[in-house]
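S.K.: Please read through the structure below; I'll follow up with questions.
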Amino acid sequence: KKISLTGIKPTGILHIGNYFGAIKPALELAREYDARYFIADYHSLNTVKDPKEMETNIREVAAGWLAAGLDPEKVIFYRQSSIPEIFELTTFLMAFTAKGLMNRAHAYKAAVQDNTEKENDPDAGINMGLYTYPVLMAADILIFDSDVVPVGKDQVQHVEMAQDIAQAINFNYKKELLKIPEASIQEDVAVVPGLDGRKMSKSYNNTIPMFVPEKQLRKLIMRIVTNSQGVDEPKDPEASQIYLLYKLFATKEEQDALAKRYREGGMGWGEAKEELFRVMNRELTPLRNRFEEIISDTDKLNEILARGTERARPIAAATVARLRKAAGIG
Ligand code: TYM
């Protein structure tokens, strides 16, 4: 069986960009593939320095995966931090990772650019964790012989870097020591837009959290930015944030019906938002209810993650042993 792997960084609350870009496609893949899904807690240490906040985030991401339907009997579900072999593999990969490759990573480049504009110091606030972020992510992926990595578009470059690093190692030892992974992207949800039309992202503060209470969900939807077209004017559905989000939650019939109303005119933005709220709340309500149930049972959560670790570690250890042997570090 082929292997599907993906992770989520516990830097804040899960949002519907995470849901459609990664969680939902990953859970679909889990039906056919051997799946390994995890919480990338050491990746979030780069930005989350408050221990209480870290703990809460980890629990919420864990509960979020389960509420979305992850079956811990079928999927190996774990925290990155409980698999020390990942960090040994990271050190191994470092020796095969060109510094220039890291210089080209989008997240690092964006931080440098931001600094250059504001601080006059390109390195301000950038820690080595951010700089070497793609190496740790490559270790996450390569340690479990992953075939496919379901992610949103913003992570594709990182998966390509994992390919580069694995190839460098296979080339050096003249052996297929590491499997070359592929990103799996669902084009229609590769970039879920946020309230302001930019990519939905915690760092833009434009997210719709997956588990917000109904009242807040409605409020957020009412905040979606629209243009000044009047009620009567015909509107282009594909140019509307509201419609793009609507498509994620509505049936094909509902999508066609709303598109028709857009084109005919006579429907204002407020009404379109109400319709969006209806379909969104329909899908998110059962998830929200399950989330509330799961998050309150810490013992059960810990037990599930401990069991995942138990299953993951022998696989990880085998990969590291294989590399050590090949490298003459027996
Ligand atoms: P993270 O935690 O930022 O995001 C988790 C997943 O959600 C996707 N995503 C989106 N997809 C579509 N539209 C959006 N607006 C949107 N926002 C977020 C991301 O693409 C991602 O798939 N580096 C990773 C975590 C990670 C990882 C890994 C992933 C660490 N190790 C190994 C895969 C394999 C990250 O920061 O994702």
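Just so we're on the same page: first chain in the structure tokens is A, next is B, and so on; residues restart at 1 for each chain, and ligands are numbered from 1 in the order they show up.
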Report as an MDAnalysis selection string all protein, DNA and RNA residues lying within 12 Å of range 203-218 of chain A, evaluated on only C-alpha atoms, omitting residues in the same chain fewer than 3 positions from it.
M.R.: chainID A and resid 11:20 23 47 60:61 63:65 67:68 107 192:200 221:225 245 270 273:293 295
S.K.: Could you pull out the residues sitting within 6 Å of ligand 1, using only C-alpha atoms and all ligand atoms, and write them as a PyMOL selection string?
M.R.: chain A and resi 6-9+17-18+21-22+40+137+140-141+149+151-155+189-193+199-201
S.K.: If DSSP is run on the backbone, what residues of range 38-278 of chain A are alpha helix (DSSP H)? A reply as a PyMOL selection string would be ideal.
M.R.: chain A and resi 41-44+51-67+85-94+99-103+106-118+128-131+133-142+156-173+214-222+241-249+252-264+269-278
S.K.: List every residue of range 82-323 of chain A that DSSP, applied to the backbone, labels as strand (DSSP E or B), and write the result as a list in words.
M.R.: Val148, Val149, Pro150, Glu182, Ala183, Ser184, Pro193, Lys199 and Pro209 of chain A
S.K.: Just give me the gap between CA of Ala321 in chain A and CA of Ile3 in chain A in Å, one decimal is fine.
M.R.: 19.9 Å
S.K.: CA of Ala139 in chain A and CA of Gly69 in chain A are how many Å apart?
M.R.: 26.1 Å
S.K.: Please identify all polymer residues within 9 Å of Glu160 in chain A, counting only C-alpha atoms, omitting same-chain residues fewer than 5 positions from it, and present them as a tab-separated table (two decimals) with N, CA and C atoms, in the first residue's frame.
M.R.:
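And here is the file that came out, part31.tsv:
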chain	number	residue	atom	x	y	z
A	155	GLN	N	2.61	24.90	0.53
A	155	GLN	CA	3.59	23.92	1.02
A	155	GLN	C	4.29	23.15	-0.10
A	165	ILE	N	16.53	17.02	-1.42
A	165	ILE	CA	17.43	16.52	-0.38
A	165	ILE	C	17.53	14.99	-0.47
A	181	PRO	N	9.04	11.72	-2.43
A	181	PRO	CA	7.61	12.00	-2.22
A	181	PRO	C	7.05	12.97	-3.25
A	182	GLU	N	5.74	12.93	-3.43
A	182	GLU	CA	5.05	13.88	-4.31
A	182	GLU	C	4.02	14.65	-3.50
A	183	ALA	N	3.90	15.95	-3.77
A	183	ALA	CA	2.80	16.71	-3.16
A	183	ALA	C	1.50	16.30	-3.85
S.K.: Would you work out the distance separating CA of Phe38 in chain A from CA of Leu93 in chain A, expressed in Å to one decimal?
M.R.: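 Answer for the CA of Phe38 in chain A to CA of Leu93 in chain A separation: 20.2 Å.
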S.K.: Given the choices A:Gly100, A:Arg261, A:Leu220, A:Ile58, which gets closest to Tyr78 in chain A if the distance is worked out from only C-alpha atoms?
M.R.: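 The shortest atom-to-atom distance to Tyr78 in chain A comes from A:Ile58.
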S.K.: Between A:Tyr133, A:Tyr42, A:Phe171, A:Phe144, which has the minimum distance to Ala317 in chain A (counting only C-alpha atoms)?
M.R.: A:Phe144
S.K.: Env of Lys247 in chain A: 10 Å cut, atoms = only C-alpha atoms, seq-sep filter 3 positions within chain, self excluded. Answer as a ChimeraX atom specification.
M.R.: /A:188-189,238,242-244,250-252,254-256,258-259,276,279
S.K.: Would you write out those residues with C-alpha atoms, as a CSV table (one decimal), in the first residue's frame?
M.R.:
chain,number,residue,atom,x,y,z
A,188,ASP,CA,-10.0,23.7,-6.5
A,189,VAL,CA,-9.0,24.2,-2.9
A,238,GLU,CA,-16.4,33.7,-9.9
A,242,ILE,CA,-18.6,34.8,-1.1
A,243,TYR,CA,-19.3,32.6,-4.0
A,244,LEU,CA,-15.8,31.0,-3.9
A,250,ALA,CA,-22.6,23.7,-1.3
A,251,THR,CA,-24.0,20.9,-3.5
A,252,LYS,CA,-23.6,21.2,-7.3
A,254,GLU,CA,-27.0,24.9,-4.9
A,255,GLN,CA,-23.9,26.2,-6.6
A,256,ASP,CA,-25.7,26.5,-10.0
A,258,LEU,CA,-26.7,30.8,-6.6
A,259,ALA,CA,-24.6,31.5,-9.7
A,276,LEU,CA,-23.2,31.2,2.6
A,279,VAL,CA,-24.4,26.0,4.0
S.K.: Between A:Lys118, A:Leu142, A:Ile304, A:Asp147, which residue has the minimum interatomic distance to Leu70 in chain A, considering only C-alpha atoms?
M.R.: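 Nearest to Leu70 in chain A: A:Ile304.
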S.K.: I need the residue nearest Arg36 in chain A from this list: A:Val75, A:Leu130, A:Leu89, A:Met161. Use only C-alpha atoms for the distance.
M.R.: A:Val75
